[in-house]
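**Student:** Next comes the structure file data-v7.txt, holding compact mmCIF, C-alpha atoms.
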```txt
# COMPACT_ATOMS: atom_id res chain seq x y z
CA ALA A 1 107.57 81.25 56.60
CA GLY A 2 105.39 84.01 58.03
CA ALA A 3 102.74 86.14 56.41
CA VAL A 4 103.35 87.79 53.06
CA PRO A 5 104.02 91.48 53.66
CA ALA A 6 101.42 93.87 52.24
CA ALA A 7 102.85 96.30 49.70
CA GLY A 8 101.30 99.28 51.49
CA TRP A 9 102.82 98.37 54.83
CA ARG A 10 106.18 97.68 53.21
CA ARG A 11 106.18 101.13 51.62
CA TRP A 12 105.15 102.77 54.88
CA ILE A 13 107.80 101.07 57.01
CA GLY A 14 110.41 101.81 54.35
CA HIS A 15 109.35 105.47 54.39
CA VAL A 16 109.66 105.63 58.19
CA GLY A 17 113.05 103.95 57.96
CA ARG A 18 114.27 106.63 55.55
CA HIS A 19 113.15 109.44 57.90
CA PRO A 20 113.58 107.95 61.39
CA VAL A 21 114.45 111.13 63.29
CA PRO A 22 111.34 113.24 62.51
CA TYR A 23 109.03 110.26 62.99
CA ALA A 24 110.64 109.23 66.28
CA VAL A 25 110.64 112.78 67.65
CA GLY A 26 107.13 113.55 66.40
CA ALA A 27 105.53 110.35 67.70
CA ALA A 28 107.30 110.55 71.06
CA GLY A 29 106.31 114.22 71.41
CA LEU A 30 102.69 113.37 70.62
CA LEU A 31 102.56 110.64 73.26
CA LEU A 32 104.34 112.77 75.86
CA THR A 33 101.86 115.59 75.25
CA ALA A 34 98.96 113.16 75.71
CA THR A 35 100.57 111.96 78.95
CA LEU A 36 100.80 115.45 80.52
CA PRO A 37 97.26 115.42 82.03
CA VAL A 38 98.40 112.53 84.27
CA LEU A 39 100.05 115.20 86.44
CA GLY A 40 96.53 116.20 87.50
CA LEU A 41 95.32 112.65 88.16
CA ARG A 42 92.90 112.43 91.08
CA VAL A 43 91.67 109.04 92.21
CA GLY A 44 88.35 108.44 93.88
CA LEU A 45 85.04 106.74 93.22
CA PRO A 46 82.20 108.30 91.22
CA ASP A 47 78.99 108.51 93.24
CA ASP A 48 75.38 108.39 92.09
CA GLY A 49 75.59 112.07 91.16
CA SER A 50 77.49 111.10 88.02
CA LEU A 51 74.81 108.70 86.74
CA PRO A 52 72.37 109.76 83.96
CA HIS A 53 69.29 111.71 85.05
CA SER A 54 67.14 108.85 83.80
CA ARG A 55 68.38 106.60 86.61
CA THR A 56 66.32 106.52 89.82
CA GLU A 57 69.55 106.51 91.87
CA ARG A 58 70.53 109.85 90.32
CA ARG A 59 67.12 111.39 90.98
CA ALA A 60 67.21 110.23 94.62
CA TYR A 61 70.76 111.58 94.99
CA ASP A 62 69.75 114.99 93.64
CA LEU A 63 66.68 115.20 95.89
CA VAL A 64 68.71 114.38 99.01
CA ALA A 65 71.41 116.89 98.06
CA GLU A 66 68.82 119.56 97.34
CA GLY A 67 66.93 119.03 100.56
CA PHE A 68 69.72 118.34 103.05
CA GLY A 69 72.99 119.33 101.39
CA PRO A 70 75.45 117.44 99.17
CA GLY A 71 77.36 115.97 102.11
CA THR A 72 74.29 114.05 103.25
CA ASN A 73 74.99 111.54 100.45
CA GLY A 74 78.33 110.66 102.03
CA PRO A 75 78.32 111.06 105.83
CA LEU A 76 81.45 110.41 107.88
CA VAL A 77 81.47 108.36 111.07
CA ILE A 78 83.77 109.27 113.94
CA ALA A 79 84.30 106.56 116.53
CA ALA A 80 85.68 107.73 119.88
CA ASP A 81 86.82 105.93 123.00
CA PRO A 82 86.54 108.49 125.85
CA THR A 83 88.17 106.22 128.44
CA GLY A 84 90.00 108.30 131.04
CA ASP A 85 88.73 111.63 129.69
CA PRO A 86 84.94 112.06 130.15
CA GLY A 87 84.91 115.61 128.75
CA VAL A 88 86.50 114.62 125.45
CA LEU A 89 83.18 114.05 123.68
CA ASP A 90 81.99 117.63 124.22
CA ARG A 91 85.32 118.98 122.98
CA LEU A 92 85.22 116.61 120.03
CA VAL A 93 81.72 117.66 118.95
CA ALA A 94 82.52 121.36 119.28
CA THR A 95 85.84 121.14 117.43
CA VAL A 96 84.46 119.02 114.58
CA ALA A 97 81.39 121.23 114.14
CA ALA A 98 83.64 124.30 113.91
CA ASP A 99 85.58 122.91 110.95
CA PRO A 100 84.69 124.76 107.70
CA GLY A 101 84.29 121.48 105.81
CA ILE A 102 81.61 120.16 108.17
CA ALA A 103 77.96 121.15 107.71
CA SER A 104 76.49 119.45 110.80
CA VAL A 105 77.10 116.82 113.46
CA ALA A 106 74.35 114.40 114.49
CA PRO A 107 73.72 113.68 118.19
CA THR A 108 76.32 111.45 119.79
CA HIS A 109 75.42 107.81 120.31
CA ILE A 110 77.18 105.97 123.17
CA ASP A 111 77.16 102.20 123.44
CA ARG A 112 76.36 101.28 127.06
CA ALA A 113 78.29 98.03 127.05
CA THR A 114 81.60 99.35 125.73
CA GLY A 115 81.35 103.10 126.26
CA ILE A 116 82.38 103.73 122.64
CA ALA A 117 80.78 106.84 121.14
CA THR A 118 79.94 107.40 117.47
CA LEU A 119 79.35 110.73 115.77
CA VAL A 120 77.75 110.94 112.33
CA VAL A 121 79.24 113.96 110.56
CA PHE A 122 77.96 115.54 107.34
CA PRO A 123 80.50 117.34 105.13
CA THR A 124 79.61 120.43 103.13
CA THR A 125 80.65 118.75 99.87
CA SER A 126 79.68 115.62 97.95
CA PRO A 127 81.46 112.25 98.45
CA GLN A 128 83.42 112.44 95.18
CA ASP A 129 84.47 116.07 95.66
CA LYS A 130 88.18 116.64 96.30
CA ALA A 131 87.23 119.00 99.15
CA THR A 132 85.70 116.02 100.99
CA ALA A 133 89.00 114.15 100.87
CA ASP A 134 90.73 117.30 102.17
CA THR A 135 88.21 117.50 105.01
CA ILE A 136 88.85 113.87 105.97
CA ALA A 137 92.60 114.46 106.01
CA ARG A 138 92.17 117.62 108.08
CA LEU A 139 89.98 115.84 110.63
CA ARG A 140 92.59 113.14 111.09
CA THR A 141 95.69 115.30 111.21
CA ASP A 142 94.46 118.49 112.93
CA VAL A 143 90.91 118.47 114.28
CA LEU A 144 90.82 115.18 116.21
CA PRO A 145 94.33 115.52 117.72
CA THR A 146 93.43 119.06 118.86
CA ALA A 147 90.20 117.91 120.52
CA ILE A 148 91.71 114.85 122.21
CA GLY A 149 95.04 116.38 123.21
CA HIS A 150 97.56 114.12 124.88
CA GLY A 151 95.05 112.24 127.02
CA PRO A 152 94.23 108.52 126.89
CA ALA A 153 91.11 108.98 124.71
CA ARG A 154 91.14 107.89 121.07
CA ALA A 155 89.12 108.83 117.97
CA HIS A 156 89.10 107.67 114.35
CA VAL A 157 87.32 108.77 111.16
CA GLY A 158 85.44 106.15 109.13
CA GLY A 159 82.41 105.84 106.91
CA ALA A 160 82.02 105.01 103.22
CA ALA A 161 83.53 108.25 101.93
CA ALA A 162 86.57 107.93 104.21
CA SER A 163 87.06 104.27 103.33
CA LEU A 164 86.97 105.00 99.60
CA SER A 165 89.45 107.83 100.07
CA ASP A 166 91.76 105.51 101.99
CA VAL A 167 91.54 102.83 99.30
CA GLY A 168 92.43 105.39 96.65
CA GLN A 169 95.45 106.64 98.57
CA ARG A 170 96.69 103.14 99.32
CA THR A 171 96.31 102.11 95.67
CA SER A 172 98.21 105.22 94.53
CA GLN A 173 101.01 104.44 96.96
CA ARG A 174 101.31 100.86 95.76
CA LEU A 175 101.06 101.62 92.04
CA PRO A 176 104.74 102.66 91.57
CA VAL A 177 105.92 99.47 93.29
CA PHE A 178 103.61 97.36 91.13
CA VAL A 179 104.72 99.11 87.93
CA ALA A 180 108.42 98.78 88.81
CA ALA A 181 108.07 95.05 89.50
CA VAL A 182 106.26 94.40 86.21
CA LEU A 183 108.78 96.45 84.23
CA ALA A 184 111.74 94.69 85.81
CA MET A 185 110.34 91.22 85.10
CA SER A 186 109.42 92.17 81.52
CA PHE A 187 112.89 93.56 80.89
CA LEU A 188 114.56 90.40 82.17
CA LEU A 189 112.35 88.06 80.17
CA LEU A 190 112.75 90.03 76.93
CA MET A 191 116.51 90.22 77.46
CA LEU A 192 116.59 86.45 77.86
CA VAL A 193 114.48 85.82 74.75
CA PHE A 194 116.11 88.32 72.38
CA ARG A 195 119.66 88.31 73.83
CA SER A 196 119.76 92.10 73.84
CA ILE A 197 119.90 95.05 76.22
CA LEU A 198 118.40 97.80 74.06
CA VAL A 199 115.48 95.83 72.63
CA PRO A 200 113.84 95.11 76.02
CA LEU A 201 114.70 98.60 77.29
CA LYS A 202 113.06 100.17 74.23
CA ALA A 203 110.04 97.89 74.60
CA VAL A 204 109.52 98.88 78.23
CA LEU A 205 109.86 102.61 77.52
CA LEU A 206 107.54 102.58 74.50
CA ASN A 207 104.91 100.58 76.36
CA LEU A 208 105.06 103.08 79.20
CA LEU A 209 104.50 105.88 76.67
CA SER A 210 101.37 104.26 75.25
CA ILE A 211 99.93 103.49 78.68
CA GLY A 212 100.80 106.99 79.96
CA ALA A 213 99.02 108.52 76.97
CA ALA A 214 95.93 106.43 77.74
CA TYR A 215 96.00 107.63 81.35
CA GLY A 216 96.33 111.22 80.19
CA ILE A 217 93.37 110.94 77.83
CA MET A 218 91.26 109.43 80.65
CA VAL A 219 92.10 112.39 82.89
CA ALA A 220 91.27 114.88 80.13
CA VAL A 221 87.91 113.23 79.39
CA PHE A 222 86.65 112.25 82.84
CA GLN A 223 88.24 114.87 85.13
CA TRP A 224 88.35 117.83 82.75
CA GLY A 225 85.28 116.92 80.69
CA TRP A 226 86.96 117.20 77.27
CA GLY A 227 84.73 115.32 74.84
CA GLY A 228 82.81 113.69 77.66
CA ALA A 229 79.49 114.42 75.94
CA LEU A 230 80.54 112.15 73.05
CA ILE A 231 80.40 109.11 75.35
CA GLY A 232 77.40 110.31 77.37
CA LEU A 233 79.33 111.56 80.41
CA GLU A 234 77.05 114.00 82.25
CA ALA A 235 79.48 115.25 84.92
CA THR A 236 83.21 115.20 85.56
CA VAL A 237 84.34 112.45 87.92
CA PRO A 238 87.61 111.35 89.54
CA ILE A 239 89.48 108.37 88.16
CA VAL A 240 88.29 105.20 89.90
CA SER A 241 91.05 104.25 92.33
CA PHE A 242 91.66 100.70 91.09
CA ILE A 243 91.43 101.41 87.35
CA PRO A 244 95.02 102.73 86.78
CA MET A 245 96.52 99.56 88.29
CA PHE A 246 93.96 97.33 86.59
CA LEU A 247 94.53 98.93 83.19
CA PHE A 248 98.30 98.79 83.53
CA ALA A 249 98.26 95.04 84.12
CA ILE A 250 95.99 94.33 81.14
CA LEU A 251 97.50 96.83 78.73
CA PHE A 252 101.10 95.95 79.48
CA GLY A 253 100.32 92.30 78.82
CA LEU A 254 98.61 93.08 75.50
CA SER A 255 101.33 95.45 74.33
CA MET A 256 104.02 92.93 75.23
CA ASP A 257 102.19 90.33 73.12
CA TYR A 258 102.43 92.68 70.15
CA GLU A 259 106.06 93.44 70.95
CA VAL A 260 107.18 89.81 71.15
CA PHE A 261 105.24 88.87 68.02
CA LEU A 262 106.73 91.75 66.01
CA LEU A 263 110.30 91.54 67.31
CA SER A 264 110.46 87.78 66.86
CA ARG A 265 109.83 88.27 63.15
CA VAL A 266 112.34 91.13 62.95
CA ARG A 267 114.97 89.00 64.69
CA GLU A 268 114.38 86.09 62.32
CA GLU A 269 114.95 88.37 59.36
CA TYR A 270 118.04 89.88 60.94
CA LEU A 271 119.57 86.45 61.57
CA ARG A 272 118.72 85.42 58.00
CA THR A 273 119.99 88.54 56.20
CA GLY A 274 122.31 90.28 58.66
CA ASP A 275 120.88 93.61 57.50
CA ASN A 276 119.08 95.69 60.14
CA GLY A 277 117.08 97.85 57.71
CA THR A 278 115.81 94.88 55.70
CA ALA A 279 114.93 93.02 58.89
CA ILE A 280 112.82 95.94 60.18
CA VAL A 281 110.94 96.43 56.90
CA GLU A 282 110.28 92.73 56.40
CA GLY A 283 109.54 91.93 60.05
CA VAL A 284 107.15 94.82 60.71
CA SER A 285 105.37 94.65 57.34
CA ARG A 286 104.79 90.89 57.72
CA THR A 287 103.16 91.33 61.14
CA ALA A 288 101.42 94.69 60.60
CA ARG A 289 98.14 93.35 59.26
CA ILE A 290 97.77 90.80 62.05
CA ILE A 291 98.56 93.33 64.78
CA THR A 292 96.30 96.06 63.42
CA SER A 293 93.44 93.63 62.76
CA ALA A 294 93.62 92.20 66.28
CA ALA A 295 93.82 95.71 67.73
CA LEU A 296 90.82 96.86 65.67
CA ILE A 297 88.70 94.02 67.04
CA MET A 298 89.65 94.82 70.64
CA VAL A 299 89.15 98.57 70.16
CA ALA A 300 85.65 97.95 68.81
CA VAL A 301 84.82 95.68 71.75
CA PHE A 302 86.15 98.04 74.41
CA LEU A 303 84.52 101.11 72.86
CA SER A 304 81.17 99.40 73.41
CA PHE A 305 81.90 99.65 77.15
CA ALA A 306 82.59 103.38 76.78
CA VAL A 307 78.93 104.10 75.96
CA ALA A 308 77.58 102.32 79.05
CA GLU A 309 75.66 104.32 81.67
CA ASP A 310 78.05 103.70 84.57
CA PRO A 311 81.05 106.11 84.56
CA SER A 312 83.39 103.42 85.89
CA THR A 313 82.51 101.15 82.96
CA LYS A 314 83.00 104.06 80.56
CA MET A 315 86.43 104.70 82.08
CA PHE A 316 87.47 101.08 81.74
CA GLY A 317 86.33 100.84 78.12
CA LEU A 318 87.79 104.15 76.94
CA GLY A 319 91.12 103.54 78.68
CA LEU A 320 91.59 100.10 77.12
CA ALA A 321 90.42 101.16 73.66
CA THR A 322 92.64 104.25 73.62
CA ALA A 323 95.77 102.45 74.80
CA ILE A 324 95.38 99.56 72.35
CA PHE A 325 94.76 101.94 69.45
CA ILE A 326 97.85 104.02 70.32
CA ASP A 327 99.99 100.95 70.86
CA ALA A 328 99.07 99.28 67.58
CA THR A 329 99.43 102.42 65.47
CA VAL A 330 101.73 105.14 66.81
CA VAL A 331 104.00 102.79 68.77
CA ARG A 332 104.21 99.61 66.66
CA MET A 333 104.02 101.20 63.20
CA VAL A 334 105.96 104.42 63.80
CA LEU A 335 108.08 104.47 66.96
CA VAL A 336 109.31 100.88 66.80
CA PRO A 337 110.65 101.00 63.20
CA ALA A 338 112.00 104.54 63.67
CA THR A 339 113.90 103.79 66.89
CA MET A 340 115.17 100.43 65.66
CA THR A 341 116.45 102.09 62.50
CA LEU A 342 118.28 104.72 64.54
CA LEU A 343 119.85 102.10 66.80
CA GLY A 344 121.04 99.96 63.89
CA ARG A 345 122.98 96.81 64.74
CA THR A 346 123.22 97.92 68.38
CA ASN A 347 119.61 96.71 68.72
CA TRP A 348 121.11 93.27 69.32
CA TRP A 349 124.08 94.34 71.43
CA LEU A 350 124.77 92.24 74.53
CA PRO A 351 127.86 92.39 76.76
CA LYS A 352 129.96 89.26 76.51
CA TRP A 353 129.92 88.61 80.27
CA LEU A 354 126.13 88.90 80.33
CA ASP A 355 125.82 86.64 77.29
CA TRP A 356 127.72 83.93 79.15
CA MET A 357 125.56 84.32 82.27
CA LEU A 358 122.18 84.11 80.57
CA PRO A 359 120.75 80.58 80.19
CA ARG A 360 120.52 79.24 76.67
CA GLY A 361 117.70 77.29 75.09
CA PRO A 362 115.85 76.73 71.85
CA VAL A 363 114.19 80.15 72.12
CA GLY A 364 116.32 83.19 71.49
CA THR A 365 119.56 81.38 70.47
CA ASP A 366 121.19 82.25 67.19
CA ASP A 367 122.02 78.62 66.32
CA THR A 368 118.42 77.47 66.48
CA ASP A 369 117.06 80.47 64.58
CA ALA A 370 119.68 80.19 61.88
CA GLU A 371 119.21 76.45 61.64
CA SER A 372 115.52 76.93 60.97
CA THR A 373 116.36 79.09 57.93
CA GLY A 374 118.84 76.60 56.56
CA GLU A 375 121.76 79.02 56.85
CA ALA A 376 124.87 79.09 58.98
CA PRO A 377 124.47 80.76 62.36
CA ARG A 378 125.51 84.39 62.45
CA PRO A 379 127.60 85.68 65.33
CA ARG A 380 125.72 87.53 68.07
CA LEU A 381 126.70 91.18 68.49
CA VAL A 382 128.54 91.21 71.84
CA ASP A 383 131.42 93.07 73.38
CA ARG A 384 134.73 91.38 72.89
```
What is this file in structure tokens?
**Tutor:**
Amino acid sequence: AGAVPAAGWRRWIGHVGRHPVPYAVGAAGLLLTATLPVLGLRVGLPDDGSLPHSRTERRAYDLVAEGFGPGTNGPLVIAADPTGDPGVLDRLVATVAADPGIASVAPTHIDRATGIATLVVFPTTSPQDKATADTIARLRTDVLPTAIGHGPARAHVGGAAASLSDVGQRTSQRLPVFVAAVLAMSFLLLMLVFRSILVPLKAVLLNLLSIGAAYGIMVAVFQWGWGGALIGLEATVPIVSFIPMFLFAILFGLSMDYEVFLLSRVREEYLRTGDNGTAIVEGVSRTARIITSAALIMVAVFLSFAVAEDPSTKMFGLGLATAIFIDATVVRMVLVPATMTLLGRTNWWLPKWLDWMLPRGPVGTDDTDAESTGEAPRPRLVDR
């Protein structure tokens, strides 16, 4: 049965179908342009310096930075084991203090029971500043090895700022693996359901475009400050380290819900009529109102998070709202019908050998779908 297609949506999808090339190129170019800021993505964790001035944490942060320097809000801790090299601590203090990224070094504290020494080090920059991450990396790769040499002594850099930097780097390293695994599983499942190669490949690529555009807009707003005043952002901040992975998991799931819902209707129409153009117009127009209405509700909910005081909450809300809006409009109502029109009947192409290998069931088989419409099953488009 399905919903009755709205006349406005039917006209719009038909219009896109008659001009697929300009709409496909224009929409893809728009999303790729929005994705470009991702090249400047910097992960980290906003500190209290990014909170509104009305918050007592922000006022305390500013007073400490004004009186003792911005690095006082994020001291580093160097733990050293001087075993076998008693003079290493003096060399360590002198070498660390000479680094241009270090403002001061507190007196060394040595634990009598273990002999382990700790040095509290204050950078010249704030915890969320990129220069602080550079200083941490320099201490680990150059400064500490130079001070210790090849002796038996050991030293490591810790502290809240260093830990947050490490978490950000580790998350960034794992993100490509996580994304690849999700994409591979989604491709396989969609191929199984729709008995097609190009449909799941297109779905994966278009979902990546919408998510990439959301990432790019987050970078432009929170790192570059474009339009930040509109959501009450008082200072530019790095992207919270866990948010890209967190958003990808949520957004990919939501966009795949839209994709399966829309393509299931398109496939039903294609099996009923055998005409690709009619199937796209009928399938998309019958699902358009439901998809856009659901997206509008979620966008409204997530935008309410974007006006919160905490920058991390703002980031979460704006990223979700932007991605859902793009996915339900530019992707589902422009790119999907345009690309499916250009691909024609090859949307449902599947190699014969792969068709035999894939398991069959009530979902995604031509016989079941055709039987539900009361018509004879149509042959699947496969290589012979």
**Student:** At what distance in Å, to one decimal, does atom CA of A:Trp224 lie from atom CA of A:Leu39?
**Tutor:**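 Separating atom CA of A:Leu39 from atom CA of A:Trp224 is a distance of 12.5 Å.
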**Student:** Within 12 Å of stretch 107-119 of chain A, counting all atoms listed in the file, which residues show up once you throw out same-chain ones fewer than 2 positions away? Write them as an mmCIF file with C-alpha atoms, in the frame of the given file, please.
**Tutor:**
```cif
data_model
loop_
_atom_site.group_PDB
_atom_site.id
_atom_site.type_symbol
_atom_site.label_atom_id
_atom_site.label_comp_id
_atom_site.auth_asym_id
_atom_site.auth_seq_id
_atom_site.Cartn_x
_atom_site.Cartn_y
_atom_site.Cartn_z
ATOM 1 C CA PRO A 75 78.320 111.060 105.830
ATOM 2 C CA LEU A 76 81.450 110.410 107.880
ATOM 3 C CA VAL A 77 81.470 108.360 111.070
ATOM 4 C CA ILE A 78 83.770 109.270 113.940
ATOM 5 C CA ALA A 79 84.300 106.560 116.530
ATOM 6 C CA ALA A 80 85.680 107.730 119.880
ATOM 7 C CA ASP A 81 86.820 105.930 123.000
ATOM 8 C CA PRO A 82 86.540 108.490 125.850
ATOM 9 C CA THR A 83 88.170 106.220 128.440
ATOM 10 C CA GLY A 84 90.000 108.300 131.040
ATOM 11 C CA ASP A 85 88.730 111.630 129.690
ATOM 12 C CA PRO A 86 84.940 112.060 130.150
ATOM 13 C CA VAL A 88 86.500 114.620 125.450
ATOM 14 C CA LEU A 89 83.180 114.050 123.680
ATOM 15 C CA ASP A 90 81.990 117.630 124.220
ATOM 16 C CA LEU A 92 85.220 116.610 120.030
ATOM 17 C CA VAL A 93 81.720 117.660 118.950
ATOM 18 C CA ALA A 94 82.520 121.360 119.280
ATOM 19 C CA VAL A 96 84.460 119.020 114.580
ATOM 20 C CA ALA A 97 81.390 121.230 114.140
ATOM 21 C CA SER A 104 76.490 119.450 110.800
ATOM 22 C CA VAL A 105 77.100 116.820 113.460
ATOM 23 C CA VAL A 121 79.240 113.960 110.560
ATOM 24 C CA PHE A 122 77.960 115.540 107.340
ATOM 25 C CA ALA A 153 91.110 108.980 124.710
ATOM 26 C CA ARG A 154 91.140 107.890 121.070
ATOM 27 C CA ALA A 155 89.120 108.830 117.970
ATOM 28 C CA HIS A 156 89.100 107.670 114.350
ATOM 29 C CA VAL A 157 87.320 108.770 111.160
ATOM 30 C CA GLY A 158 85.440 106.150 109.130
ATOM 31 C CA GLY A 159 82.410 105.840 106.910
#
```
**Student:** Which centre and which edge lengths, in Å to one decimal, describe the axis-aligned box that holds all listed atoms of stretch 166-181 of chain A after 6 Å is added on each side, as lines of an AutoDock Vina configuration file?
**Tutor:**
```
center_x = 100.0
center_y = 100.8
center_z = 95.0
size_x = 28.9
size_y = 23.6
size_z = 26.1
```
**Student:** Using all atoms listed in the file, I'd like a table of the residues in stretch 160-243 of chain A that come within 9 Å of stretch 17-38 of chain A; for each, show the closest atom pair and its distance in Å rounded to one decimal, ordered by chain and ascending number, as a tab-separated table.
**Tutor:**
```
residue	atom	partner	partner_atom	distance
A:Leu206	CA	A:Ala28	CA	8.7
A:Leu209	CA	A:Leu31	CA	6.2
A:Ser210	CA	A:Leu31	CA	6.8
A:Ile211	CA	A:Thr35	CA	8.5
A:Gly212	CA	A:Thr35	CA	5.1
A:Ala213	CA	A:Thr35	CA	4.3
A:Ala214	CA	A:Thr35	CA	7.3
A:Tyr215	CA	A:Val38	CA	6.2
A:Gly216	CA	A:Thr35	CA	4.5
A:Ile217	CA	A:Ala34	CA	6.4
A:Met218	CA	A:Val38	CA	8.6
A:Val219	CA	A:Pro37	CA	6.0
A:Ala220	CA	A:Pro37	CA	6.3
```
**Student:** Have a look at A:Leu271, A:Leu198, A:Ala60, A:Val331 and name the one nearest to A:Leu343; count only C-alpha atoms.
**Tutor:**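 Closest to A:Leu343, using only C-alpha atoms: A:Leu198.
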**Student:** Between A:Lys314, A:Thr273, A:Asn73, A:Leu144, which one has atoms that come closest to A:Ser126, using all atoms listed in the file?
**Tutor:** A:Asn73
**Student:** List as a list in words the protein and nucleic acid residues near stretch 287-300 of chain A, meaning an atom at most 8 Å away when only C-alpha atoms are counted, but skip any in the same chain fewer than 5 places from it.
**Tutor:**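 Within the cut-off, the hits are Ala3, Pro5, Ala6, Trp9, Tyr258, Phe261, Leu262, Arg265, Leu320, Ala321, Thr322, Ile324, Phe325, Ala328, Thr329 and Met333 of chain A.
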**Student:** To one decimal in Å, tell me the separation between atom CA of A:Gly228 and atom CA of A:Gly253.
**Tutor:**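 Going from atom CA of A:Gly228 over to atom CA of A:Gly253 covers 27.7 Å.
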**Student:** Need the shell around A:Arg11: protein/DNA/RNA residues with any atom at most 9 Å away, counting all atoms listed in the file. Skip same-chain ones fewer than 5 positions apart. Format as an MDAnalysis selection string?
**Tutor:** chainID A and resid 6 16 281 285
**Student:** Take the residues from that selection and write them out as a short mmCIF file (atom, residue, chain, number, x, y, z; two decimals), keeping the file's coordinate frame, keeping C-alpha atoms.
**Tutor:**
```
data_model
loop_
_atom_site.label_atom_id
_atom_site.label_comp_id
_atom_site.auth_asym_id
_atom_site.auth_seq_id
_atom_site.Cartn_x
_atom_site.Cartn_y
_atom_site.Cartn_z
CA ALA A 6 101.42 93.87 52.24
CA VAL A 16 109.66 105.63 58.19
CA VAL A 281 110.94 96.43 56.90
CA SER A 285 105.37 94.65 57.34
#
```
**Student:** Please measure the separation of atom CA of A:Met340 and atom CA of A:Leu358, giving the value in Å to one decimal.
**Tutor:**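 Result for atom CA of A:Met340 versus atom CA of A:Leu358: 23.2 Å, one decimal.
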**Student:** May I have the residues within 12 Å of A:Gly225 as number ranges by chain, using only C-alpha atoms and disregarding those fewer than 6 positions away in the same chain?
**Tutor:** A: 217-219, 231-238
**Student:** When distances are computed from only C-alpha atoms, which of A:Leu342, A:Met315, A:Leu263, A:Leu350 shows the smallest separation from A:Val240?
**Tutor:**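 Of A:Leu342, A:Met315, A:Leu263, A:Leu350, the one nearest A:Val240, counting only C-alpha atoms, is A:Met315.
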**Student:** Calculated over all atoms listed in the file, which of the candidates A:Asn276, A:Ser163, A:Thr141, A:Thr346 has the smallest distance to A:Ile197?
**Tutor:**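 Using all atoms listed in the file, A:Ile197 sits closest to A:Thr346.
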**Student:** Which of these, A:Val179, A:Trp348, A:Pro70, A:Arg55, has the shortest distance to A:Thr125 once you count only C-alpha atoms?
**Tutor:**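 That would be A:Pro70, the residue with the smallest distance to A:Thr125.
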**Student:** With stretch 49-54 of chain A as the partner and 8 Å as the cut-off, tabulate the residues of stretch 304-327 of chain A that qualify, each row holding the nearest pair of atoms and their distance in Å to one decimal, using all atoms listed in the file, sorted by chain and rising number, as CSV.
**Tutor:**
```
residue,atom,partner,partner_atom,distance
A:Glu309,CA,A:Leu51,CA,6.8
A:Asp310,CA,A:Leu51,CA,6.3
A:Pro311,CA,A:Ser50,CA,7.0
```
**Student:** How would you write as number ranges by chain the residues that get within 9 Å of (119.7, 92.2, 76.1) in the file's frame, counting all atoms listed in the file?
**Tutor:** A: 187-188, 190-201, 347-351, 354-355
**Student:** Show which residues sit within 7 Å of A:Arg42, as number ranges by chain. Count all atoms listed in the file, and ignore same-chain residues fewer than 2 positions away.
**Tutor:** A: 40, 44, 238-239
**Student:** Within 8 Å of (83.0, 123.4, 105.0), in the coordinates the file gives, what residues turn up when you count all atoms listed in the file, written out as JSON, numbers by chain?
**Tutor:** {"A": [99, 100, 101, 102, 103, 123, 124, 125, 135]}
